[in-house]
Structure formats: C-alpha cells, structure tokens
$ cat protein-v8.pdb   # PDB, C-alpha atoms
MODEL        1
ATOM      1  CA  MET A 914     -87.942  21.604 -64.899
ATOM      2  CA  LEU A 915     -88.813  23.361 -61.650
ATOM      3  CA  ILE A 916     -90.479  26.143 -63.604
ATOM      4  CA  GLN A 917     -92.625  23.609 -65.478
ATOM      5  CA  ILE A 918     -93.675  21.977 -62.209
ATOM      6  CA  ALA A 919     -94.498  25.387 -60.741
ATOM      7  CA  GLU A 920     -96.608  26.216 -63.796
ATOM      8  CA  LEU A 921     -98.400  22.873 -63.481
ATOM      9  CA  PHE A 922     -99.471  23.631 -59.894
ATOM     10  CA  LYS A 923    -100.180  27.309 -60.505
ATOM     11  CA  GLY A 924    -103.538  28.216 -59.031
ATOM     12  CA  PHE A 925    -103.678  24.963 -57.039
ATOM     13  CA  ARG A 926    -105.431  25.743 -53.723
ATOM     14  CA  PHE A 927    -105.460  24.003 -50.368
ATOM     15  CA  MET A 928    -109.188  23.317 -50.866
ATOM     16  CA  ASP A 929    -108.341  21.462 -54.090
ATOM     17  CA  LEU A 930    -106.013  19.205 -52.114
ATOM     18  CA  LEU A 931    -108.720  18.666 -49.502
ATOM     19  CA  ASP A 932    -111.220  17.886 -52.267
ATOM     20  CA  ILE A 933    -108.920  15.221 -53.775
ATOM     21  CA  ALA A 934    -108.174  13.726 -50.345
ATOM     22  CA  LEU A 935    -111.883  13.428 -49.511
ATOM     23  CA  VAL A 936    -112.673  11.753 -52.851
ATOM     24  CA  ALA A 937    -109.775   9.316 -52.336
ATOM     25  CA  TYR A 938    -110.944   8.528 -48.785
ATOM     26  CA  VAL A 939    -114.562   7.944 -49.824
ATOM     27  CA  SER A 940    -113.431   5.744 -52.729
ATOM     28  CA  TYR A 941    -111.188   3.720 -50.403
ATOM     29  CA  LYS A 942    -114.023   3.234 -47.898
ATOM     30  CA  ALA A 943    -116.384   2.205 -50.695
ATOM     31  CA  LEU A 944    -113.902  -0.423 -51.902
ATOM     32  CA  GLN A 945    -113.512  -1.689 -48.333
ATOM     33  CA  LEU A 946    -117.277  -1.942 -48.024
ATOM     34  CA  ILE A 947    -117.753  -4.136 -51.090
ATOM     35  CA  ARG A 948    -114.549  -6.195 -50.808
ATOM     36  CA  GLY A 949    -115.331  -9.876 -50.341
ATOM     37  CA  THR A 950    -118.995  -9.504 -51.347
ATOM     38  CA  ARG A 951    -120.921 -10.299 -54.507
ATOM     39  CA  ALA A 952    -120.786  -6.571 -55.349
ATOM     40  CA  VAL A 953    -117.222  -7.077 -56.656
ATOM     41  CA  GLN A 954    -118.441  -9.393 -59.421
ATOM     42  CA  LEU A 955    -121.351  -7.056 -60.188
ATOM     43  CA  ILE A 956    -119.016  -4.084 -60.600
ATOM     44  CA  ARG A 957    -116.784  -6.116 -62.925
ATOM     45  CA  GLY A 958    -119.846  -6.931 -65.012
ATOM     46  CA  LEU A 959    -120.865  -3.255 -65.031
ATOM     47  CA  VAL A 960    -117.399  -2.184 -66.250
ATOM     48  CA  LEU A 961    -117.547  -4.757 -69.064
ATOM     49  CA  PHE A 962    -121.035  -3.529 -69.961
ATOM     50  CA  ILE A 963    -119.755   0.057 -70.302
ATOM     51  CA  VAL A 964    -116.760  -1.127 -72.372
ATOM     52  CA  PHE A 965    -119.053  -3.063 -74.763
ATOM     53  CA  THR A 966    -121.243   0.035 -75.140
ATOM     54  CA  LYS A 967    -118.278   2.206 -76.154
ATOM     55  CA  VAL A 968    -116.839  -0.475 -78.462
ATOM     56  CA  SER A 969    -120.189  -0.874 -80.250
ATOM     57  CA  GLU A 970    -120.291   2.915 -80.734
ATOM     58  CA  TRP A 971    -116.755   2.991 -82.198
ATOM     59  CA  LEU A 972    -117.500   0.059 -84.537
ATOM     60  CA  GLY A 973    -120.740   1.618 -85.757
ATOM     61  CA  LEU A 974    -122.960  -1.189 -84.443
ATOM     62  CA  TYR A 975    -125.901   1.172 -84.013
ATOM     63  CA  THR A 976    -128.587  -1.347 -83.079
ATOM     64  CA  ILE A 977    -126.485  -3.023 -80.397
ATOM     65  CA  ASN A 978    -125.324   0.376 -79.142
ATOM     66  CA  TRP A 979    -128.961   1.588 -78.858
ATOM     67  CA  ILE A 980    -129.944  -1.539 -76.911
ATOM     68  CA  LEU A 981    -126.971  -1.232 -74.542
ATOM     69  CA  LYS A 982    -127.555   2.486 -73.899
ATOM     70  CA  ASN A 983    -131.227   1.932 -73.091
ATOM     71  CA  ALA A 984    -130.336  -1.041 -70.905
ATOM     72  CA  MET A 985    -127.944   1.219 -68.965
ATOM     73  CA  THR A 986    -130.774   3.682 -68.296
ATOM     74  CA  VAL A 987    -132.903   0.943 -66.752
ATOM     75  CA  GLY A 988    -129.810  -0.553 -65.108
ATOM     76  CA  ALA A 989    -129.225   2.601 -63.045
ATOM     77  CA  ILE A 990    -132.489   1.866 -61.195
ATOM     78  CA  ALA A 991    -131.716  -1.852 -61.001
ATOM     79  CA  LEU A 992    -128.367  -1.102 -59.337
ATOM     80  CA  LEU A 993    -130.165   0.475 -56.383
ATOM     81  CA  VAL A 994    -131.986  -2.817 -55.844
ATOM     82  CA  VAL A 995    -128.959  -5.040 -56.452
ATOM     83  CA  PHE A 996    -126.667  -3.027 -54.158
ATOM     84  CA  GLN A 997    -129.307  -2.543 -51.458
ATOM     85  CA  PRO A 998    -127.375  -4.484 -48.756
ATOM     86  CA  GLU A 999    -124.159  -2.531 -49.403
ATOM     87  CA  LEU A1000    -125.992   0.823 -49.512
ATOM     88  CA  ARG A1001    -127.817  -0.011 -46.293
ATOM     89  CA  ARG A1002    -124.560  -0.918 -44.573
ATOM     90  CA  ALA A1003    -122.896   2.313 -45.764
ATOM     91  CA  LEU A1004    -125.767   4.462 -44.492
ATOM     92  CA  GLU A1005    -125.765   2.635 -41.149
ATOM     93  CA  GLN A1006    -122.049   3.338 -40.737
ATOM     94  CA  LEU A1007    -122.608   7.021 -41.529
ATOM     95  CA  GLY A1008    -125.386   7.109 -38.956
ATOM     96  CA  ARG A1009    -123.184   5.860 -36.133
ATOM     97  CA  SER A1010    -121.633   8.650 -34.115
ATOM     98  CA  ARG A1011    -118.657   6.439 -33.271
ATOM     99  CA  PHE A1012    -117.585   2.839 -33.365
ATOM    100  CA  PHE A1013    -117.062   0.484 -30.434
ATOM    101  CA  SER A1014    -116.154   2.279 -27.232
ATOM    102  CA  GLY A1015    -116.430   1.598 -23.553
ATOM    103  CA  THR A1016    -119.375   3.952 -23.151
ATOM    104  CA  MET A1017    -121.450   2.792 -26.097
ATOM    105  CA  PHE A1018    -123.774   0.825 -23.848
ATOM    106  CA  GLY A1019    -124.361   3.719 -21.505
ATOM    107  CA  TRP A1020    -122.804   1.768 -18.620
ATOM    108  CA  GLY A1021    -119.331   1.487 -17.175
ATOM    109  CA  GLU A1022    -116.207  -0.487 -17.893
ATOM    110  CA  LYS A1023    -116.805  -2.799 -14.938
ATOM    111  CA  GLU A1024    -120.102  -4.030 -16.383
ATOM    112  CA  ILE A1025    -118.583  -4.593 -19.833
ATOM    113  CA  LEU A1026    -115.725  -6.588 -18.312
ATOM    114  CA  ARG A1027    -118.258  -8.711 -16.420
ATOM    115  CA  LEU A1028    -120.099  -9.387 -19.689
ATOM    116  CA  ILE A1029    -116.842 -10.367 -21.423
ATOM    117  CA  ASP A1030    -115.951 -12.727 -18.557
ATOM    118  CA  SER A1031    -119.391 -14.378 -18.712
ATOM    119  CA  VAL A1032    -119.201 -14.920 -22.474
ATOM    120  CA  ALA A1033    -115.619 -16.226 -22.260
ATOM    121  CA  GLU A1034    -116.427 -18.608 -19.392
ATOM    122  CA  ALA A1035    -119.412 -20.001 -21.292
ATOM    123  CA  CYS A1036    -117.301 -20.409 -24.462
ATOM    124  CA  GLU A1037    -114.622 -22.267 -22.522
ATOM    125  CA  GLU A1038    -117.120 -24.837 -21.266
ATOM    126  CA  LEU A1039    -118.944 -25.134 -24.589
ATOM    127  CA  SER A1040    -115.671 -25.518 -26.498
ATOM    128  CA  LYS A1041    -114.415 -28.187 -24.099
ATOM    129  CA  ASN A1042    -117.561 -30.254 -24.684
ATOM    130  CA  LYS A1043    -117.800 -29.420 -28.423
ATOM    131  CA  ILE A1044    -121.224 -27.809 -28.070
ATOM    132  CA  GLY A1045    -122.051 -25.397 -30.891
ATOM    133  CA  ALA A1046    -122.999 -21.830 -29.972
ATOM    134  CA  LEU A1047    -123.614 -18.441 -31.558
ATOM    135  CA  MET A1048    -123.728 -15.343 -29.318
ATOM    136  CA  VAL A1049    -124.350 -11.909 -30.802
ATOM    137  CA  LEU A1050    -123.392  -8.799 -28.823
ATOM    138  CA  GLU A1051    -125.523  -5.914 -30.056
ATOM    139  CA  GLY A1052    -123.801  -2.624 -30.859
ATOM    140  CA  GLN A1053    -125.329   0.708 -31.818
ATOM    141  CA  THR A1054    -127.370  -0.846 -34.636
ATOM    142  CA  GLY A1055    -130.600  -2.236 -33.174
ATOM    143  CA  LEU A1056    -131.306  -5.933 -33.781
ATOM    144  CA  ASN A1057    -135.014  -5.977 -32.893
ATOM    145  CA  GLU A1058    -135.994  -7.515 -36.241
ATOM    146  CA  TYR A1059    -133.806 -10.536 -35.430
ATOM    147  CA  ILE A1060    -134.771 -10.647 -31.749
ATOM    148  CA  GLU A1061    -138.403 -11.043 -32.830
ATOM    149  CA  THR A1062    -137.546 -14.229 -34.739
ATOM    150  CA  GLY A1063    -136.478 -15.986 -31.524
ATOM    151  CA  VAL A1064    -137.820 -16.733 -28.069
ATOM    152  CA  ILE A1065    -137.786 -13.696 -25.773
ATOM    153  CA  ILE A1066    -135.821 -14.254 -22.553
ATOM    154  CA  GLY A1067    -134.784 -10.913 -21.030
ATOM    155  CA  GLY A1068    -132.566 -12.612 -18.443
ATOM    156  CA  GLN A1069    -129.296 -11.463 -16.906
ATOM    157  CA  VAL A1070    -126.221 -12.693 -18.776
ATOM    158  CA  SER A1071    -124.439 -15.480 -16.926
ATOM    159  CA  PRO A1072    -122.187 -18.365 -18.021
ATOM    160  CA  GLU A1073    -124.644 -20.901 -16.617
ATOM    161  CA  LEU A1074    -127.609 -19.514 -18.574
ATOM    162  CA  LEU A1075    -125.628 -19.304 -21.824
ATOM    163  CA  ILE A1076    -124.381 -22.880 -21.443
ATOM    164  CA  ASN A1077    -127.877 -24.202 -20.692
ATOM    165  CA  ILE A1078    -129.364 -22.490 -23.737
ATOM    166  CA  PHE A1079    -126.966 -24.260 -26.114
ATOM    167  CA  ILE A1080    -127.207 -27.766 -24.618
ATOM    168  CA  PRO A1081    -128.035 -30.078 -27.588
ATOM    169  CA  ASN A1082    -131.584 -31.355 -28.084
ATOM    170  CA  THR A1083    -133.115 -28.588 -25.967
ATOM    171  CA  PRO A1084    -135.761 -26.225 -27.427
ATOM    172  CA  LEU A1085    -133.469 -23.158 -27.641
ATOM    173  CA  HIS A1086    -130.124 -24.648 -28.655
ATOM    174  CA  ASP A1087    -130.571 -24.054 -32.387
ATOM    175  CA  GLY A1088    -130.091 -20.471 -33.570
ATOM    176  CA  ALA A1089    -128.408 -17.429 -32.056
ATOM    177  CA  VAL A1090    -128.521 -15.721 -28.681
ATOM    178  CA  ILE A1091    -128.726 -11.928 -28.930
ATOM    179  CA  ILE A1092    -127.288  -9.950 -26.019
ATOM    180  CA  ARG A1093    -128.079  -6.281 -25.396
ATOM    181  CA  ASN A1094    -126.059  -4.657 -22.616
ATOM    182  CA  ASP A1095    -126.089  -7.250 -19.809
ATOM    183  CA  LYS A1096    -129.355  -8.936 -20.872
ATOM    184  CA  ILE A1097    -129.986 -11.974 -23.040
ATOM    185  CA  MET A1098    -132.807 -10.534 -25.127
ATOM    186  CA  ALA A1099    -133.705 -13.700 -27.025
ATOM    187  CA  ALA A1100    -132.500 -17.169 -27.986
ATOM    188  CA  SER A1101    -133.039 -19.382 -31.027
ATOM    189  CA  CYS A1102    -132.908 -16.305 -33.299
ATOM    190  CA  TYR A1103    -132.580 -16.511 -37.073
ATOM    191  CA  LEU A1104    -129.825 -14.393 -38.607
ATOM    192  CA  PRO A1105    -128.996 -13.437 -42.221
ATOM    193  CA  LEU A1106    -126.280 -15.567 -43.808
ATOM    194  CA  THR A1107    -123.160 -13.970 -45.232
ATOM    195  CA  GLU A1108    -123.018 -13.138 -48.925
ATOM    196  CA  ASN A1109    -119.244 -13.569 -49.054
ATOM    197  CA  PRO A1110    -118.501 -15.816 -52.065
ATOM    198  CA  ASN A1111    -114.936 -16.485 -50.869
ATOM    199  CA  LEU A1112    -115.954 -18.098 -47.590
ATOM    200  CA  SER A1113    -114.236 -21.385 -46.786
ATOM    201  CA  LYS A1114    -116.476 -24.395 -47.426
ATOM    202  CA  GLU A1115    -115.486 -25.941 -44.100
ATOM    203  CA  LEU A1116    -117.441 -23.244 -42.247
ATOM    204  CA  GLY A1117    -121.024 -24.146 -41.391
ATOM    205  CA  THR A1118    -124.271 -22.252 -40.884
ATOM    206  CA  ARG A1119    -123.272 -20.805 -37.485
ATOM    207  CA  HIS A1120    -120.193 -19.119 -38.918
ATOM    208  CA  ARG A1121    -122.111 -17.912 -41.969
ATOM    209  CA  ALA A1122    -124.844 -16.451 -39.764
ATOM    210  CA  GLY A1123    -122.264 -14.863 -37.448
ATOM    211  CA  LEU A1124    -120.549 -13.213 -40.397
ATOM    212  CA  GLY A1125    -123.903 -12.244 -41.934
ATOM    213  CA  ILE A1126    -125.114 -10.273 -38.904
ATOM    214  CA  THR A1127    -121.785  -8.428 -38.658
ATOM    215  CA  GLU A1128    -121.995  -7.499 -42.340
ATOM    216  CA  GLN A1129    -125.357  -5.839 -41.763
ATOM    217  CA  SER A1130    -124.710  -4.261 -38.349
ATOM    218  CA  ASP A1131    -121.968  -3.258 -35.913
ATOM    219  CA  ALA A1132    -122.636  -6.306 -33.740
ATOM    220  CA  VAL A1133    -119.919  -8.720 -32.608
ATOM    221  CA  ALA A1134    -120.575 -12.452 -32.965
ATOM    222  CA  VAL A1135    -118.840 -15.098 -30.849
ATOM    223  CA  ILE A1136    -119.028 -18.582 -32.364
ATOM    224  CA  VAL A1137    -118.191 -22.032 -31.016
ATOM    225  CA  SER A1138    -117.919 -24.832 -33.572
ATOM    226  CA  GLU A1139    -119.950 -27.955 -32.855
ATOM    227  CA  GLU A1140    -117.594 -30.178 -34.864
ATOM    228  CA  THR A1141    -114.230 -28.967 -33.548
ATOM    229  CA  GLY A1142    -114.940 -26.793 -30.503
ATOM    230  CA  VAL A1143    -112.975 -23.967 -32.148
ATOM    231  CA  ILE A1144    -113.850 -20.484 -30.868
ATOM    232  CA  SER A1145    -114.179 -17.641 -33.389
ATOM    233  CA  VAL A1146    -115.110 -13.952 -33.342
ATOM    234  CA  ALA A1147    -116.812 -12.162 -36.249
ATOM    235  CA  ARG A1148    -116.843  -8.402 -36.670
ATOM    236  CA  GLU A1149    -117.482  -6.178 -39.706
ATOM    237  CA  GLY A1150    -117.790  -9.238 -41.944
ATOM    238  CA  LYS A1151    -114.356 -10.558 -40.915
ATOM    239  CA  LEU A1152    -113.681 -13.730 -38.971
ATOM    240  CA  SER A1153    -110.920 -14.496 -36.465
ATOM    241  CA  ARG A1154    -110.644 -18.216 -35.661
ATOM    242  CA  TYR A1155    -108.775 -20.644 -33.395
ATOM    243  CA  LEU A1156    -108.946 -18.436 -30.309
ATOM    244  CA  ASP A1157    -108.130 -19.593 -26.813
ATOM    245  CA  ILE A1158    -109.979 -18.052 -23.856
ATOM    246  CA  LYS A1159    -107.211 -15.595 -23.028
ATOM    247  CA  THR A1160    -107.077 -14.338 -26.617
ATOM    248  CA  LEU A1161    -110.882 -14.170 -26.793
ATOM    249  CA  LYS A1162    -111.003 -11.958 -23.711
ATOM    250  CA  SER A1163    -108.173  -9.750 -24.968
ATOM    251  CA  MET A1164    -109.836  -9.367 -28.355
ATOM    252  CA  LEU A1165    -113.215  -8.404 -26.873
ATOM    253  CA  LYS A1166    -111.517  -5.922 -24.530
ATOM    254  CA  GLU A1167    -109.746  -4.388 -27.507
ATOM    255  CA  ILE A1168    -112.970  -4.162 -29.529
ATOM    256  CA  TYR A1169    -114.845  -2.478 -26.688
ATOM    257  CA  GLN A1170    -111.773  -0.516 -25.543
ATOM    258  CA  VAL A1171    -111.838  -1.620 -21.932
ATOM    259  CA  GLY A1172    -109.309  -3.173 -19.546
ATOM    260  CA  GLU A1173    -105.831  -4.059 -20.723
ATOM    261  CA  LYS A1174    -105.720  -3.777 -24.506
ATOM    262  CA  LYS A1175    -103.272  -5.681 -26.706
ATOM    263  CA  GLY A1176    -102.569  -3.165 -29.446
ATOM    264  CA  ASN A1177    -104.055  -4.221 -32.785
ATOM    265  CA  LEU A1178    -104.766  -7.827 -31.768
ATOM    266  CA  TRP A1179    -108.010  -7.885 -33.776
ATOM    267  CA  ASN A1180    -106.322  -6.631 -36.940
ATOM    268  CA  TRP A1181    -103.542  -9.173 -36.497
ATOM    269  CA  ARG A1182    -105.871 -12.135 -36.033
ATOM    270  CA  LYS A1183    -108.675 -11.405 -38.489
ATOM    271  CA  THR A1184    -108.989 -13.227 -41.792
ATOM    272  CA  ASN A1185    -111.236 -13.032 -44.846
ATOM    273  CA  ALA A1186    -112.725 -16.355 -43.747
TER     274      ALA A1186
ENDMDL
END
$ encode --input "protein-v8.pdb" --output "structure tokens"
Amino acid sequence: MLIQIAELFKGFRFMDLLDIALVAYVSYKALQLIRGTRAVQLIRGLVLFIVFTKVSEWLGLYTINWILKNAMTVGAIALLVVFQPELRRALEQLGRSRFFSGTMFGWGEKEILRLIDSVAEACEELSKNKIGALMVLEGQTGLNEYIETGVIIGGQVSPELLINIFIPNTPLHDGAVIIRNDKIMAASCYLPLTENPNLSKELGTRHRAGLGITEQSDAVAVIVSEETGVISVAREGKLSRYLDIKTLKSMLKEIYQVGEKKGNLWNWRKTNA
C-alpha cells in the first residue's frame, strides 16, 4: 500500500503543490466574489448549457448541437458584458495594495478616531429621532463619479453638520453623504443599488444603496433606518444590523484597525442581509 502511494506521488514537486494551492485559492476567492449575486444563477445556467451541448452530441442531435456550439462561441463575448460588475470588482481588489488599515488615509490614528466618534454621535441622535441617514466612508477606491451626482460641500466632518444634512424635508436629506478623510465631500448623492437577489424585502432603498456601493468599492456605509431607527454597517456587500453606539464604534475601529479592537467583531455580526 505504501509503495503504491509512493509511486502515485513519484515526481511530485513542491512547485506542483504550490500550483494546486494557488488555483484552489483563486477559485475560492472567485466563489466568494460572486456569492449572493446574480452571477450565481448565471453560472448555473451556463453549466446547464454546457451539459445540454454534450448530451445533444451524445444523442446525435446534430442540428441542436451545432446551434448550441455556435451560441457558446458568441456567449463567451456576452459573458464579459454580463459579468462586468464582478470582473470590475475583482480587478479593483487586485489593484488595492492592502485593505483597511489605520494609515490608508495618510493621516494618524487620532484623526480616524475623531471621525468615528463624529459618525457615531450623529448616528446616535439620528437613531433616537428615527431620522434616516446614509453615510459612506471612502476607502482606497475613489468615489468621484458618485460625488458628482450630489451637492458638493467640502466641509469638516462634525456630528452637528451630519445631523443637519439628514433633517427631513431639507434640500440635502435625500441621498447619501460621502466622506473622504475628515471632509464631507458631497451630500444628496446617488449610489448604485445592490444586485443581491437574496436581500430581505424589509430593507429599503438606503440599505440597498449602502450595500450597492460596498459591492463596487472598498467603502464602508453606515445606515440609519427611517422606519425603525436601527443602525447598520455595510462592507464588502455584507450588512451588519441592530448595532448600538458602542458596537458601532468598536466595529469601525476594527475595520480601520485603530484603538481598542474587539477581535473578529465584524465577522461575528455580519449577515447576508
């Protein structure tokens, strides 16, 4: 038995093991990227399409087989268009030198903690009064295309300014606030809605927009529900809901790796929405 096993792995090099490990890692990351998106259904359809092509070949259905094979040739180009959001997201992730860290803004931990405190204080007041809000904290992926859809502000982040922006029936309350470093770049911004087909129907446009922007960038979205006052955080297309202020602060500190971190609090709290 041992001899047979030795013969099986004869000539097996370390580089072969590395090759297999890299393929497995890339495949795992690809599955993570498309999980919870419409791409899952598209891949299922593609697999069935390939199965039908092989079955038609085995059964001698030459006309159907010719049509399916030619459709697959055109389909290879169509896939690039259909999977454009997922491909864009994958390339953006490859282009980032690293994910959230305390130095990603180019300024110190003290400034990031001040930003977190301002956002949390504003959320506390907005939640208490059941005022809806959507705040997007820009990461390494630039959000200029979404900033241009809103009203440019360029003001220093403060709880008072954030609260005033989202007061109902004011010109800027509808839409998202986009924050870059310690500046509110714009308010009343339009964001892409999530493409997650499994999203709970009880979640409204704010949550869908918050998830949507985090699916297409490395931004973090903080959401306050207008109906319930519930505070949520969206990151990487995942949503963590029912946060109190203490948990919100701890989660943001963990994401940006500053202050006292609570282990894997984000991973523990996040859901598939």
$ closest_residue --input "protein-v8.pdb" --among "A:Gln1170, A:Thr986, A:Thr1127, A:Thr1083" --to "Asn1109 in chain A" --atoms "only C-alpha atoms"
A:Thr1127
$ residues_around --input "protein-v8.pdb" --residues "Ser1071 in chain A" --least-positions-apart "3" --cutoff "7 Å" --atoms "all atoms listed in the file" --output "PDB file with C-alpha atoms, keeping the file's coordinate frame"
ATOM      1  CA  SER A1031    -119.391 -14.378 -18.712  1.00  0.00           C
ATOM      2  CA  LEU A1074    -127.609 -19.514 -18.574  1.00  0.00           C
ATOM      3  CA  LEU A1075    -125.628 -19.304 -21.824  1.00  0.00           C
TER       4      LEU A1075
END
$ resolve_selection --input "protein-v8.pdb" --expression "the PyMOL selection byres ((chain A and resi 1145) around 9)" --output "ChimeraX atom specification"
/A:1120,1134-1138,1143-1144,1146-1147,1152-1156,1161
$ resolve_selection --input "protein-v8.pdb" --expression "the PyMOL selection byres ((chain A and resi 962-966) around 12)" --output "ChimeraX atom specification"
/A:955-961,967-986,988
$ write_last_selection --input "protein-v8.pdb" --atoms "C-alpha atoms" --output "JSON list (two decimals), in the coordinates of the input"
[["chain", "number", "residue", "atom", "x", "y", "z"],
["A", 955, "LEU", "CA", -121.35, -7.06, -60.19],
["A", 956, "ILE", "CA", -119.02, -4.08, -60.60],
["A", 957, "ARG", "CA", -116.78, -6.12, -62.92],
["A", 958, "GLY", "CA", -119.85, -6.93, -65.01],
["A", 959, "LEU", "CA", -120.86, -3.26, -65.03],
["A", 960, "VAL", "CA", -117.40, -2.18, -66.25],
["A", 961, "LEU", "CA", -117.55, -4.76, -69.06],
["A", 967, "LYS", "CA", -118.28, 2.21, -76.15],
["A", 968, "VAL", "CA", -116.84, -0.48, -78.46],
["A", 969, "SER", "CA", -120.19, -0.87, -80.25],
["A", 970, "GLU", "CA", -120.29, 2.92, -80.73],
["A", 971, "TRP", "CA", -116.76, 2.99, -82.20],
["A", 972, "LEU", "CA", -117.50, 0.06, -84.54],
["A", 973, "GLY", "CA", -120.74, 1.62, -85.76],
["A", 974, "LEU", "CA", -122.96, -1.19, -84.44],
["A", 975, "TYR", "CA", -125.90, 1.17, -84.01],
["A", 976, "THR", "CA", -128.59, -1.35, -83.08],
["A", 977, "ILE", "CA", -126.48, -3.02, -80.40],
["A", 978, "ASN", "CA", -125.32, 0.38, -79.14],
["A", 979, "TRP", "CA", -128.96, 1.59, -78.86],
["A", 980, "ILE", "CA", -129.94, -1.54, -76.91],
["A", 981, "LEU", "CA", -126.97, -1.23, -74.54],
["A", 982, "LYS", "CA", -127.56, 2.49, -73.90],
["A", 983, "ASN", "CA", -131.23, 1.93, -73.09],
["A", 984, "ALA", "CA", -130.34, -1.04, -70.90],
["A", 985, "MET", "CA", -127.94, 1.22, -68.96],
["A", 986, "THR", "CA", -130.77, 3.68, -68.30],
["A", 988, "GLY", "CA", -129.81, -0.55, -65.11]]
$ resolve_selection --input "protein-v8.pdb" --expression "the PyMOL selection byres ((chain A and resi 1106) around 12)" --output "list in words"
Gly1088, Tyr1103, Leu1104, Pro1105, Thr1107, Glu1108, Asn1109, Pro1110, Leu1112, Leu1116, Gly1117, Thr1118, Arg1119, His1120, Arg1121, Ala1122, Gly1123, Leu1124, Gly1125, Ile1126, Thr1127, Glu1128, Gln1129 and Gly1150 of chain A
$ residues_around --input "protein-v8.pdb" --residues "range 1093-1101 of chain A" --least-positions-apart "4" --cutoff "8 Å" --atoms "only C-alpha atoms" --output "list in words"
Phe1018, Glu1024, Ile1025, Leu1028, Leu1050, Glu1051, Gly1052, Ile1060, Glu1061, Thr1062, Gly1063, Val1064, Ile1065, Ile1066, Gly1067, Gly1068, Gln1069, Val1070, Ile1078, Leu1085, His1086, Asp1087, Gly1088 and Ala1089 of chain A
$ atom_distance --input "protein-v8.pdb" --atom1 "CA of Phe1079 in chain A" --atom2 "CA of Lys1166 in chain A"
24.0 Å
$ atom_distance --input "protein-v8.pdb" --atom1 "CA of Glu1140 in chain A" --atom2 "CA of Leu1047 in chain A"
13.6 Å
$ atom_distance --input "protein-v8.pdb" --atom1 "CA of Ser940 in chain A" --atom2 "CA of Met928 in chain A"
18.2 Å
$ closest_residue --input "protein-v8.pdb" --among "A:Asp929, A:Glu1149, A:Glu1139, A:Asp1157" --to "Leu1039 in chain A" --atoms "all atoms listed in the file"
A:Glu1139
$ closest_residue --input "protein-v8.pdb" --among "A:Ser1040, A:Asn1082, A:Ser1130, A:Asn1111" --to "Gly1055 in chain A" --atoms "all atoms listed in the file"
A:Ser1130
